[in-house]
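Engineer: I'd like to ask you about the structure that follows.
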Amino acid sequence: MENATVIQTRNLTKIYRDFWGRKKVRALNSLSLEIKAGEVFGLLGPNGSGKTTTMKLLLGLLFPTEGEIEILGKPADDVEKNERIGYLPEESYLYRFLNADETLDFYGRLFNMSAKERRERADALIELVELKGARRRQLKEYSKGMTRRIGLAQALINNPDLVLLDEPTSGLDPIGTRKMKDLILKLRDEGKTVVMCSHLLADVQDVCDRIAILYEGELKVMGKVDELLQEQDATQLLTSRLDDNVIEEIKQVLAKHNGELKKVDHPTNSLEDLFLKTVSESKERPGQRYIPEEATEEANTSASE
Amino acid sequence: MNFNPEPYDLLGGVGTWAEALGNFLGLVLLVAIVTSLAVQGVAGPRFVLKQMLRGLIDVVRISPRRTWALASLTIKEAIRRKALLIFVVFAVLFMFAGWFLDDPDARGDMQVKVYVSFVLTSITWLTVPVILLLSCWGIPEDIKARSLHTVVTKPVRRTEVVIGRILGFTTVATGILVLMSAVGYIWVKRQLPTNVDLTCRVPIYAAYDPAVDAVEEGTVVDQETLKNAGFYFIDQNGNAKATGINTGDIVEFWSYIQGATNARAVWQFKDFGPQYLNEKGQLKLETRFLSFRSHKGRIKTKLLCQLNFTDKSTGKPVALPAFEVDEFTNNIFVLDREINYYDTESGESKTVDLIDDLVDDGTLRIVAQALDTGQYLGMAKSSLFIRLPDQSFAVGYSKAVAGIWLMLSLIVMLGVTASCFVKGPVATFLTLSLLIMGQGFRDFMLRLTSDQVLGGGPAEAWYRILKHMNPMQEMPNTVGSQIIGAIDSFLLNILWIAQHIVPNFESFKLSNYVANGFDVPWAAGMLPSVAMTCAYVIPCLLIGYYSLSLRELEAK
């Protein structure tokens with residue numbers, strides 16, 4: 001399975017037409033992609049760049065104007081390919097009058113799963129997406145984040161080989177976003193192929209092995225994330241804290257080798273890391289809260305008096 | 001009762017259906033190939049063939065579990081969207097209906113008719129709009145909310161979506177109908193006075209002969225054919241006639257025979273045997289004749305009528321005692337197998353065996369004559385019949401409800417099919433149009449297309465309106481008239497096709513039988529309804545399947 005081609009598109013073009021058949025917009029132009037098994041592939045691009053159109057063409061929800069699609073070895077309009085695919089749509093398109101249990105049971109039945117299998121799988125997925133307390137509530141009562149999570153659960157009901165995620169982190173809070181990203185990496189570790197489209201670049205950078213950037217329906221860039229982001233003409237060292245003398249010595253060494261020290265600073269964590277750390281500590285020590293420095297000084301003064 | 005008990009020709013119906021479907025499919029295939037050639041060039045026919053093969057595979061590989069999952073979803077959706085609120089309307093209607101329908105002075109059979117008609121009509125007109133709206137809006141709402149995206153991206157075939165929806169809505173309709181009809185049945189039983197019987201008569205009518213019974217009005221049928229028919233008249237001169245005397249009634253269902261003349265009405269029951277006798281070996285006959293007085297006479301005295309059989313060995317009449325015709329109700333005769341009669345020629349009392357002596361070559365012949373001079377008795381084929389042991393009222397009532405169910409099932413099929421290619425409001429309008437046209441416009445369309453309506457087609461009608469020409473006036477023989485004729489011919493051909501496509505919703509009206517105290521006959525009542533619904537299953541599935549398969553669900 002490793003390195004096998006899961007998705008291949010050749011010259012994929014989609015032109016939207018109006019009622020009279022006149023060309024309205026060329027949403028996708030000659031897109032040729034190849035996605036291998038076991039990788040996390042990100043489709044990036046601004047709004048209207050053709051990400052979602054590509055996703056819907058892959059799923060057979062739209063028909064290509066030109067070009068070919070092969071997905072899991074079958075054409076996009078072959079229903080049987082869906083046995084091995086999980087799809088999380090951009091918005092929650094689930095049946096709002098069902099509760100979480102009923103939703104997963106319904107989608108499980110569409111895969112011809114037995115009642116026992118459906119029950120076990122639903123329990124595991126509800127646990128995974130942390131909706132245990134809300135499993136009997138109708139989806140119309142869910143918040144956006146909860147709806148995304150149950151959407152993800154239904155996408156995984158069949159334990160798919162290929163997971164297509166359309167804006168997977170949209171509507172999720174930072175904790176939910178991190179969990180979603182962790183889950184994507186977990187899916188990759190299980191050998192599954194994940195294709196996600198998003199315009200949240202940080203999320204894509206965190207989880208994707210390869211990316212493709214689309215602009216106005218055309219593929220502009222494609223490759224491994226690390227390679228695309230790497231600056232080939234610079235070197236970065238990460239050491240323990242150095243004092244000014246040592247830095248001065250390093251400058252001299254570099255000068256001896258015709259090098260130049262361009263930037264010296266302390267590495268920073270991402271805001272996401274800080275947020276998650278704060279939430280995690282708050283859970284461990286519920287009474288702790290932030291007190292401004294001025295207030296602390298005042299308190300100390302009055303105590304000494 | 002003013003219906004003709006015509007048995008349904010199932011084989012003929014299936015033949016016509018197969019021919020129509022074959023022509024339809026052939027035409028669609030031809031249009032598809034030509035269009036695909038024009039759009040895609042030589043790859044076009046290959047695409048058409050691929051779609052046909054895919055359709056076949058999708059039919060063969062239907063998964064009952066997936067289909068039922070979609071049907072269950074439909075049922076849940078209907079329940080949670082409060083479709084069952086219809087019961088509140090139903091309950092309110094029945095709580096107060098008794099005030100307006102109660103008429104203790106009316107005849108028993110009229111009370112039964114009013115109550116049964118009310119219940120069955122209410123059920124029909126309450127369930128039809130609900131089921132129509134549900135079935136027409138289900139799929140378009142799914143597409144609009146994109147919930148269908150999460151379904152079709154699973155291994156679900158479009159056939160399963162269409163069948164699942166139809167099955168789901170039909171189940172909803174069944175549930176609503178069963179509950180309503182059960183409540184209606186109990187209500188009728190409780191509302192009717194204890195002295196009124198809910199009968200469900202099982203009639204055997206005289207033989208059906210298409211050469212006489214199915215000919216157009218005004219057709220002259222020859223004497224020999226008439227004499228072999230199930231029902232015919234004999235005029236004063238002894239000639240067989242398809243109709244008797246018209247006493248001026250605009251409705252020609254009834255024909256009259258003149259009293260104290262040679263005029264007769266004849267019923268012939270084919271394949272007559274002991275199966276028509278009750279457990280005591282008796283034959284039960286029921287008649288309902290109308291009286292028409294050309295002079296006042298003794299107004300309080302009922303008109304006299306006499307029924308005769310024919311002795312097969314002598315060819316002479318075996319006359320039953322004369323009886324007074326009960327107007328607006330029925331005369332019932334229970335005859336033993338051994339019939340004693342008075343032979344007017346010999347002046348002796350004789351005995352004949354009903355089957356051995358009166359049935360000639362499997363045919364029992366019953367002749368009615370009016371006995372009062374100058375007075376007339378009105379008769380029709382259905383006004384004399386053999387009455388088999390009565391069915392339980394519940395059985396007849398259930399059959400009438402089954403007729404409503406078949407109609408609802410057809411509405412569901414049409415609604416779901418329409419909703420596969422147009423949005424909810426258009427699908428509703430389309431299905432409603434078919435329903436209205438099928439309720440009573442088919443005959444009008446037939447008369448229009450067969451030149452039975454004065455004034456020509458739409459173009460000619462417009463011309464006549466503008467020119468203030470009455471419909472009787474001949475059109476001028478000009479080029480303009482010929483153009484109008486050609487336009488009308490084209491439009492009437494389209495109307496002819498429409499007339500054949502529109503389902504005949506009249507065939508589901510089985511409640512008349514029960515309301516009039518009859519069982520719903522299988523051959524003349526149930527079978528046409530079942531055939532009508534079944535005829536639309538395959539075309540609806542095909543249209544629904546290809547409409548969903550060939551459209552981009554994402555495109556709005």
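Lettering and numbering for the structure tokens are positional, with chains as A, B, ... in the shown order, residues counted from 1 in each chain, and ligands counted from 1 in the shown order.
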Using only C-alpha atoms, I'd like every residue of chain B that has an atom within 9 Å of chain A; please write them out as a PyMOL selection string.

Structural biologist: chain B and resi 63+65-70+72-73+76-77+80-81+142+145-157+551-555

Engineer: Could you write out, as a PyMOL selection string, all the residues of range 215-454 of chain B that DSSP marks as strand (DSSP E or B)?

Structural biologist: chain B and resi 231-234+240-241+245+255-258+264-269+283-287+290-293+304-310+317-319+323-324+331-335+338-343+348-353+359-360+363-370+375-379+384-388

Engineer: As a PDB file with all heavy atoms, in the first residue's frame, please: the residues near Lys284 in chain B (cut-off 12 Å, only C-alpha atoms, same-chain neighbours under 2 positions excluded).

Structural biologist:
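Heads up, here's the output in part33.pdb:
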ATOM      1  N   ARG B 201     -72.473  -6.202   0.356  1.00  0.00           N
ATOM      2  CA  ARG B 201     -72.997  -7.206  -0.572  1.00  0.00           C
ATOM      3  C   ARG B 201     -71.945  -7.605  -1.608  1.00  0.00           C
ATOM      4  O   ARG B 201     -71.133  -6.782  -2.017  1.00  0.00           O
ATOM      5  CB  ARG B 201     -74.221  -6.635  -1.299  1.00  0.00           C
ATOM      6  CG  ARG B 201     -75.400  -6.429  -0.367  1.00  0.00           C
ATOM      7  CD  ARG B 201     -76.480  -5.626  -1.014  1.00  0.00           C
ATOM      8  NE  ARG B 201     -76.107  -4.220  -1.124  1.00  0.00           N
ATOM      9  CZ  ARG B 201     -76.820  -3.315  -1.782  1.00  0.00           C
ATOM     10  NH1 ARG B 201     -77.926  -3.677  -2.409  1.00  0.00           N
ATOM     11  NH2 ARG B 201     -76.434  -2.056  -1.825  1.00  0.00           N
ATOM     12  N   VAL B 202     -72.023  -8.893  -1.992  1.00  0.00           N
ATOM     13  CA  VAL B 202     -71.088  -9.378  -3.013  1.00  0.00           C
ATOM     14  C   VAL B 202     -71.926  -9.740  -4.249  1.00  0.00           C
ATOM     15  O   VAL B 202     -72.553 -10.787  -4.283  1.00  0.00           O
ATOM     16  CB  VAL B 202     -70.305 -10.608  -2.517  1.00  0.00           C
ATOM     17  CG1 VAL B 202     -69.300 -11.058  -3.569  1.00  0.00           C
ATOM     18  CG2 VAL B 202     -69.610 -10.298  -1.206  1.00  0.00           C
ATOM     19  N   PRO B 203     -71.962  -8.853  -5.224  1.00  0.00           N
ATOM     20  CA  PRO B 203     -72.817  -9.109  -6.382  1.00  0.00           C
ATOM     21  C   PRO B 203     -72.098  -9.887  -7.494  1.00  0.00           C
ATOM     22  O   PRO B 203     -70.892  -9.765  -7.669  1.00  0.00           O
ATOM     23  CB  PRO B 203     -73.153  -7.704  -6.863  1.00  0.00           C
ATOM     24  CG  PRO B 203     -71.948  -6.911  -6.503  1.00  0.00           C
ATOM     25  CD  PRO B 203     -71.305  -7.560  -5.315  1.00  0.00           C
ATOM     26  N   ILE B 204     -72.899 -10.703  -8.194  1.00  0.00           N
ATOM     27  CA  ILE B 204     -72.403 -11.286  -9.455  1.00  0.00           C
ATOM     28  C   ILE B 204     -73.277 -10.703 -10.546  1.00  0.00           C
ATOM     29  O   ILE B 204     -74.495 -10.917 -10.561  1.00  0.00           O
ATOM     30  CB  ILE B 204     -72.524 -12.831  -9.441  1.00  0.00           C
ATOM     31  CG1 ILE B 204     -71.678 -13.437  -8.325  1.00  0.00           C
ATOM     32  CG2 ILE B 204     -72.133 -13.416 -10.808  1.00  0.00           C
ATOM     33  CD1 ILE B 204     -70.185 -13.279  -8.505  1.00  0.00           C
ATOM     34  N   TYR B 276     -72.861 -20.457  -7.130  1.00  0.00           N
ATOM     35  CA  TYR B 276     -73.616 -19.230  -6.886  1.00  0.00           C
ATOM     36  C   TYR B 276     -74.758 -19.431  -5.891  1.00  0.00           C
ATOM     37  O   TYR B 276     -75.516 -18.492  -5.616  1.00  0.00           O
ATOM     38  CB  TYR B 276     -74.166 -18.676  -8.208  1.00  0.00           C
ATOM     39  CG  TYR B 276     -73.085 -18.149  -9.128  1.00  0.00           C
ATOM     40  CD1 TYR B 276     -73.125 -18.394 -10.487  1.00  0.00           C
ATOM     41  CD2 TYR B 276     -72.038 -17.398  -8.625  1.00  0.00           C
ATOM     42  CE1 TYR B 276     -72.127 -17.918 -11.332  1.00  0.00           C
ATOM     43  CE2 TYR B 276     -71.043 -16.926  -9.457  1.00  0.00           C
ATOM     44  CZ  TYR B 276     -71.084 -17.180 -10.802  1.00  0.00           C
ATOM     45  OH  TYR B 276     -70.096 -16.702 -11.620  1.00  0.00           O
ATOM     46  N   LEU B 277     -74.925 -20.667  -5.403  1.00  0.00           N
ATOM     47  CA  LEU B 277     -75.991 -20.925  -4.428  1.00  0.00           C
ATOM     48  C   LEU B 277     -75.397 -20.811  -3.030  1.00  0.00           C
ATOM     49  O   LEU B 277     -74.204 -21.068  -2.824  1.00  0.00           O
ATOM     50  CB  LEU B 277     -76.572 -22.328  -4.639  1.00  0.00           C
ATOM     51  CG  LEU B 277     -77.057 -22.643  -6.067  1.00  0.00           C
ATOM     52  CD1 LEU B 277     -77.662 -24.045  -6.118  1.00  0.00           C
ATOM     53  CD2 LEU B 277     -78.089 -21.618  -6.538  1.00  0.00           C
ATOM     54  N   ASN B 278     -76.266 -20.454  -2.071  1.00  0.00           N
ATOM     55  CA  ASN B 278     -75.738 -20.370  -0.704  1.00  0.00           C
ATOM     56  C   ASN B 278     -75.666 -21.758  -0.061  1.00  0.00           C
ATOM     57  O   ASN B 278     -75.969 -22.769  -0.715  1.00  0.00           O
ATOM     58  CB  ASN B 278     -76.562 -19.373   0.126  1.00  0.00           C
ATOM     59  CG  ASN B 278     -78.011 -19.829   0.274  1.00  0.00           C
ATOM     60  OD1 ASN B 278     -78.331 -21.009   0.090  1.00  0.00           O
ATOM     61  ND2 ASN B 278     -78.902 -18.897   0.588  1.00  0.00           N
ATOM     62  N   GLU B 279     -75.279 -21.774   1.209  1.00  0.00           N
ATOM     63  CA  GLU B 279     -75.067 -23.084   1.851  1.00  0.00           C
ATOM     64  C   GLU B 279     -76.348 -23.907   1.944  1.00  0.00           C
ATOM     65  O   GLU B 279     -76.311 -25.131   2.056  1.00  0.00           O
ATOM     66  CB  GLU B 279     -74.399 -22.903   3.231  1.00  0.00           C
ATOM     67  CG  GLU B 279     -75.224 -22.261   4.299  1.00  0.00           C
ATOM     68  CD  GLU B 279     -75.179 -20.724   4.266  1.00  0.00           C
ATOM     69  OE1 GLU B 279     -74.624 -20.142   3.309  1.00  0.00           O
ATOM     70  OE2 GLU B 279     -75.716 -20.125   5.191  1.00  0.00           O
ATOM     71  N   LYS B 280     -77.507 -23.213   1.855  1.00  0.00           N
ATOM     72  CA  LYS B 280     -78.782 -23.951   1.864  1.00  0.00           C
ATOM     73  C   LYS B 280     -79.207 -24.342   0.452  1.00  0.00           C
ATOM     74  O   LYS B 280     -80.319 -24.833   0.239  1.00  0.00           O
ATOM     75  CB  LYS B 280     -79.873 -23.070   2.481  1.00  0.00           C
ATOM     76  CG  LYS B 280     -79.672 -22.793   3.955  1.00  0.00           C
ATOM     77  CD  LYS B 280     -80.791 -21.874   4.442  1.00  0.00           C
ATOM     78  CE  LYS B 280     -80.510 -21.411   5.853  1.00  0.00           C
ATOM     79  NZ  LYS B 280     -81.376 -20.289   6.230  1.00  0.00           N
ATOM     80  N   GLY B 281     -78.368 -24.098  -0.522  1.00  0.00           N
ATOM     81  CA  GLY B 281     -78.695 -24.438  -1.909  1.00  0.00           C
ATOM     82  C   GLY B 281     -79.657 -23.455  -2.538  1.00  0.00           C
ATOM     83  O   GLY B 281     -80.351 -23.786  -3.503  1.00  0.00           O
ATOM     84  N   GLN B 282     -79.732 -22.246  -2.005  1.00  0.00           N
ATOM     85  CA  GLN B 282     -80.671 -21.246  -2.540  1.00  0.00           C
ATOM     86  C   GLN B 282     -79.937 -20.191  -3.378  1.00  0.00           C
ATOM     87  O   GLN B 282     -78.749 -19.923  -3.156  1.00  0.00           O
ATOM     88  CB  GLN B 282     -81.371 -20.536  -1.375  1.00  0.00           C
ATOM     89  CG  GLN B 282     -82.235 -21.459  -0.549  1.00  0.00           C
ATOM     90  CD  GLN B 282     -82.647 -20.787   0.756  1.00  0.00           C
ATOM     91  OE1 GLN B 282     -81.844 -20.130   1.408  1.00  0.00           O
ATOM     92  NE2 GLN B 282     -83.901 -21.003   1.137  1.00  0.00           N
ATOM     93  N   GLU B 286     -81.095  -9.957  -6.325  1.00  0.00           N
ATOM     94  CA  GLU B 286     -81.463  -8.627  -5.851  1.00  0.00           C
ATOM     95  C   GLU B 286     -81.703  -7.725  -7.054  1.00  0.00           C
ATOM     96  O   GLU B 286     -80.946  -7.771  -8.034  1.00  0.00           O
ATOM     97  CB  GLU B 286     -80.338  -8.051  -4.983  1.00  0.00           C
ATOM     98  CG  GLU B 286     -80.719  -6.719  -4.372  1.00  0.00           C
ATOM     99  CD  GLU B 286     -79.758  -6.273  -3.270  1.00  0.00           C
ATOM    100  OE1 GLU B 286     -79.260  -7.114  -2.515  1.00  0.00           O
ATOM    101  OE2 GLU B 286     -79.532  -5.048  -3.194  1.00  0.00           O
ATOM    102  N   THR B 287     -82.766  -6.983  -6.982  1.00  0.00           N
ATOM    103  CA  THR B 287     -83.056  -6.057  -8.093  1.00  0.00           C
ATOM    104  C   THR B 287     -83.264  -4.658  -7.555  1.00  0.00           C
ATOM    105  O   THR B 287     -83.646  -4.464  -6.390  1.00  0.00           O
ATOM    106  CB  THR B 287     -84.344  -6.460  -8.831  1.00  0.00           C
ATOM    107  OG1 THR B 287     -85.449  -6.328  -7.925  1.00  0.00           O
ATOM    108  CG2 THR B 287     -84.277  -7.863  -9.366  1.00  0.00           C
ATOM    109  N   ASN B 331     -85.384  -4.986  -4.155  1.00  0.00           N
ATOM    110  CA  ASN B 331     -86.197  -6.181  -3.953  1.00  0.00           C
ATOM    111  C   ASN B 331     -85.240  -7.359  -3.892  1.00  0.00           C
ATOM    112  O   ASN B 331     -84.336  -7.465  -4.714  1.00  0.00           O
ATOM    113  CB  ASN B 331     -87.148  -6.385  -5.132  1.00  0.00           C
ATOM    114  CG  ASN B 331     -88.228  -5.322  -5.154  1.00  0.00           C
ATOM    115  OD1 ASN B 331     -88.010  -4.218  -5.623  1.00  0.00           O
ATOM    116  ND2 ASN B 331     -89.383  -5.658  -4.617  1.00  0.00           N
ATOM    117  N   ILE B 332     -85.468  -8.203  -2.901  1.00  0.00           N
ATOM    118  CA  ILE B 332     -84.580  -9.359  -2.746  1.00  0.00           C
ATOM    119  C   ILE B 332     -85.414 -10.634  -2.900  1.00  0.00           C
ATOM    120  O   ILE B 332     -86.513 -10.748  -2.337  1.00  0.00           O
ATOM    121  CB  ILE B 332     -83.882  -9.328  -1.373  1.00  0.00           C
ATOM    122  CG1 ILE B 332     -82.959  -8.105  -1.323  1.00  0.00           C
ATOM    123  CG2 ILE B 332     -83.086 -10.602  -1.120  1.00  0.00           C
ATOM    124  CD1 ILE B 332     -82.354  -7.832   0.015  1.00  0.00           C
ATOM    125  N   PHE B 333     -84.906 -11.579  -3.666  1.00  0.00           N
ATOM    126  CA  PHE B 333     -85.585 -12.866  -3.867  1.00  0.00           C
ATOM    127  C   PHE B 333     -84.648 -13.979  -3.441  1.00  0.00           C
ATOM    128  O   PHE B 333     -83.491 -14.011  -3.873  1.00  0.00           O
ATOM    129  CB  PHE B 333     -85.916 -13.077  -5.353  1.00  0.00           C
ATOM    130  CG  PHE B 333     -86.672 -11.931  -5.953  1.00  0.00           C
ATOM    131  CD1 PHE B 333     -85.989 -10.852  -6.512  1.00  0.00           C
ATOM    132  CD2 PHE B 333     -88.050 -11.912  -5.946  1.00  0.00           C
ATOM    133  CE1 PHE B 333     -86.665  -9.790  -7.055  1.00  0.00           C
ATOM    134  CE2 PHE B 333     -88.737 -10.847  -6.503  1.00  0.00           C
ATOM    135  CZ  PHE B 333     -88.056  -9.780  -7.050  1.00  0.00           C
ATOM    136  N   VAL B 334     -85.170 -14.881  -2.646  1.00  0.00           N
ATOM    137  CA  VAL B 334     -84.382 -16.054  -2.282  1.00  0.00           C
ATOM    138  C   VAL B 334     -85.105 -17.260  -2.881  1.00  0.00           C
ATOM    139  O   VAL B 334     -86.237 -17.568  -2.502  1.00  0.00           O
ATOM    140  CB  VAL B 334     -84.249 -16.196  -0.756  1.00  0.00           C
ATOM    141  CG1 VAL B 334     -83.417 -17.424  -0.400  1.00  0.00           C
ATOM    142  CG2 VAL B 334     -83.600 -14.948  -0.176  1.00  0.00           C
ATOM    143  N   LEU B 335     -84.482 -17.908  -3.847  1.00  0.00           N
ATOM    144  CA  LEU B 335     -85.133 -18.994  -4.585  1.00  0.00           C
ATOM    145  C   LEU B 335     -84.491 -20.322  -4.217  1.00  0.00           C
ATOM    146  O   LEU B 335     -83.248 -20.443  -4.212  1.00  0.00           O
ATOM    147  CB  LEU B 335     -84.975 -18.775  -6.092  1.00  0.00           C
ATOM    148  CG  LEU B 335     -85.439 -17.421  -6.648  1.00  0.00           C
ATOM    149  CD1 LEU B 335     -85.061 -17.304  -8.118  1.00  0.00           C
ATOM    150  CD2 LEU B 335     -86.936 -17.270  -6.473  1.00  0.00           C
ATOM    151  N   ASP B 336     -85.348 -21.313  -3.901  1.00  0.00           N
ATOM    152  CA  ASP B 336     -84.824 -22.670  -3.672  1.00  0.00           C
ATOM    153  C   ASP B 336     -84.386 -23.246  -5.009  1.00  0.00           C
ATOM    154  O   ASP B 336     -84.806 -22.789  -6.074  1.00  0.00           O
ATOM    155  CB  ASP B 336     -85.918 -23.564  -3.079  1.00  0.00           C
ATOM    156  CG  ASP B 336     -86.202 -23.150  -1.638  1.00  0.00           C
ATOM    157  OD1 ASP B 336     -85.252 -22.716  -0.969  1.00  0.00           O
ATOM    158  OD2 ASP B 336     -87.378 -23.233  -1.223  1.00  0.00           O
ATOM    159  N   ARG B 337     -83.585 -24.285  -4.926  1.00  0.00           N
ATOM    160  CA  ARG B 337     -83.119 -24.909  -6.180  1.00  0.00           C
ATOM    161  C   ARG B 337     -84.313 -25.499  -6.942  1.00  0.00           C
ATOM    162  O   ARG B 337     -84.363 -25.435  -8.172  1.00  0.00           O
ATOM    163  CB  ARG B 337     -82.064 -25.970  -5.851  1.00  0.00           C
ATOM    164  CG  ARG B 337     -81.514 -26.599  -7.084  1.00  0.00           C
ATOM    165  CD  ARG B 337     -80.201 -27.287  -6.843  1.00  0.00           C
ATOM    166  NE  ARG B 337     -79.826 -28.034  -8.044  1.00  0.00           N
ATOM    167  CZ  ARG B 337     -78.666 -28.594  -8.244  1.00  0.00           C
ATOM    168  NH1 ARG B 337     -77.732 -28.499  -7.304  1.00  0.00           N
ATOM    169  NH2 ARG B 337     -78.398 -29.266  -9.344  1.00  0.00           N
ATOM    170  N   LEU B 384     -79.903  -5.838 -11.659  1.00  0.00           N
ATOM    171  CA  LEU B 384     -80.281  -7.190 -11.232  1.00  0.00           C
ATOM    172  C   LEU B 384     -78.991  -7.997 -11.114  1.00  0.00           C
ATOM    173  O   LEU B 384     -78.187  -8.031 -12.045  1.00  0.00           O
ATOM    174  CB  LEU B 384     -81.222  -7.845 -12.243  1.00  0.00           C
ATOM    175  CG  LEU B 384     -81.781  -9.224 -11.840  1.00  0.00           C
ATOM    176  CD1 LEU B 384     -83.157  -9.438 -12.467  1.00  0.00           C
ATOM    177  CD2 LEU B 384     -80.869 -10.375 -12.206  1.00  0.00           C
ATOM    178  N   PHE B 385     -78.813  -8.581  -9.973  1.00  0.00           N
ATOM    179  CA  PHE B 385     -77.588  -9.370  -9.794  1.00  0.00           C
ATOM    180  C   PHE B 385     -77.816 -10.503  -8.805  1.00  0.00           C
ATOM    181  O   PHE B 385     -78.766 -10.481  -8.017  1.00  0.00           O
ATOM    182  CB  PHE B 385     -76.424  -8.482  -9.341  1.00  0.00           C
ATOM    183  CG  PHE B 385     -76.679  -7.700  -8.081  1.00  0.00           C
ATOM    184  CD1 PHE B 385     -76.437  -8.257  -6.836  1.00  0.00           C
ATOM    185  CD2 PHE B 385     -77.161  -6.386  -8.146  1.00  0.00           C
ATOM    186  CE1 PHE B 385     -76.655  -7.517  -5.677  1.00  0.00           C
ATOM    187  CE2 PHE B 385     -77.377  -5.654  -6.990  1.00  0.00           C
ATOM    188  CZ  PHE B 385     -77.136  -6.218  -5.746  1.00  0.00           C
ATOM    189  N   ILE B 386     -76.947 -11.482  -8.932  1.00  0.00           N
ATOM    190  CA  ILE B 386     -76.957 -12.596  -7.964  1.00  0.00           C
ATOM    191  C   ILE B 386     -76.186 -12.106  -6.749  1.00  0.00           C
ATOM    192  O   ILE B 386     -75.108 -11.523  -6.890  1.00  0.00           O
ATOM    193  CB  ILE B 386     -76.266 -13.838  -8.561  1.00  0.00           C
ATOM    194  CG1 ILE B 386     -77.058 -14.338  -9.773  1.00  0.00           C
ATOM    195  CG2 ILE B 386     -76.109 -14.926  -7.519  1.00  0.00           C
ATOM    196  CD1 ILE B 386     -76.308 -15.370 -10.603  1.00  0.00           C
ATOM    197  N   ARG B 387     -76.756 -12.360  -5.595  1.00  0.00           N
ATOM    198  CA  ARG B 387     -76.082 -11.868  -4.380  1.00  0.00           C
ATOM    199  C   ARG B 387     -75.484 -13.049  -3.627  1.00  0.00           C
ATOM    200  O   ARG B 387     -76.202 -13.893  -3.094  1.00  0.00           O
ATOM    201  CB  ARG B 387     -77.097 -11.114  -3.520  1.00  0.00           C
ATOM    202  CG  ARG B 387     -76.465 -10.403  -2.362  1.00  0.00           C
ATOM    203  CD  ARG B 387     -77.437  -9.407  -1.754  1.00  0.00           C
ATOM    204  NE  ARG B 387     -77.093  -9.151  -0.376  1.00  0.00           N
ATOM    205  CZ  ARG B 387     -77.816  -8.413   0.441  1.00  0.00           C
ATOM    206  NH1 ARG B 387     -78.954  -7.853   0.007  1.00  0.00           N
ATOM    207  NH2 ARG B 387     -77.448  -8.229   1.688  1.00  0.00           N
ATOM    208  N   LEU B 388     -74.191 -13.100  -3.612  1.00  0.00           N
ATOM    209  CA  LEU B 388     -73.486 -14.152  -2.862  1.00  0.00           C
ATOM    210  C   LEU B 388     -73.544 -13.797  -1.373  1.00  0.00           C
ATOM    211  O   LEU B 388     -73.944 -12.685  -1.014  1.00  0.00           O
ATOM    212  CB  LEU B 388     -72.044 -14.238  -3.332  1.00  0.00           C
ATOM    213  CG  LEU B 388     -71.820 -14.688  -4.786  1.00  0.00           C
ATOM    214  CD1 LEU B 388     -70.326 -14.817  -5.069  1.00  0.00           C
ATOM    215  CD2 LEU B 388     -72.504 -16.004  -5.081  1.00  0.00           C
ATOM    216  N   PRO B 389     -73.158 -14.739  -0.492  1.00  0.00           N
ATOM    217  CA  PRO B 389     -73.163 -14.398   0.939  1.00  0.00           C
ATOM    218  C   PRO B 389     -72.382 -13.099   1.196  1.00  0.00           C
ATOM    219  O   PRO B 389     -71.308 -12.887   0.616  1.00  0.00           O
ATOM    220  CB  PRO B 389     -72.471 -15.602   1.585  1.00  0.00           C
ATOM    221  CG  PRO B 389     -72.727 -16.715   0.644  1.00  0.00           C
ATOM    222  CD  PRO B 389     -72.769 -16.133  -0.723  1.00  0.00           C
ATOM    223  N   ASP B 390     -72.929 -12.238   2.062  1.00  0.00           N
ATOM    224  CA  ASP B 390     -72.315 -10.926   2.312  1.00  0.00           C
ATOM    225  C   ASP B 390     -70.928 -11.056   2.937  1.00  0.00           C
ATOM    226  O   ASP B 390     -70.660 -11.984   3.696  1.00  0.00           O
ATOM    227  CB  ASP B 390     -73.199 -10.103   3.266  1.00  0.00           C
ATOM    228  CG  ASP B 390     -74.471  -9.658   2.580  1.00  0.00           C
ATOM    229  OD1 ASP B 390     -74.562  -9.839   1.344  1.00  0.00           O
ATOM    230  OD2 ASP B 390     -75.364  -9.153   3.270  1.00  0.00           O
TER     231      ASP B 390
END

Engineer: Need the shell around Leu261 in chain A: protein/DNA/RNA residues with any atom at most 10 Å away, counting only C-alpha atoms. Skip same-chain ones fewer than 2 positions apart. Format as a list in words?

Structural biologist: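 The neighbour list is Thr235, Gln236, Ile247, Glu248, Ile250, Lys251, Gln252, Val253, Leu254, Ala255, Gly259, Lys263 and Val264 of chain A.
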
Engineer: Work out how far CA of Asp213 in chain B is from CA of Val318 in chain B, in Å to one decimal.

Structural biologist: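 Pair CA of Val318 in chain B / CA of Asp213 in chain B returns 27.2 Å.
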
Engineer: Could you pull out the helix (DSSP H, G or I) residues of range 298-494 of chain B from DSSP and send them as a PyMOL selection string?

Structural biologist: chain B and resi 381-383+393-421+424-449+458-467+479-494
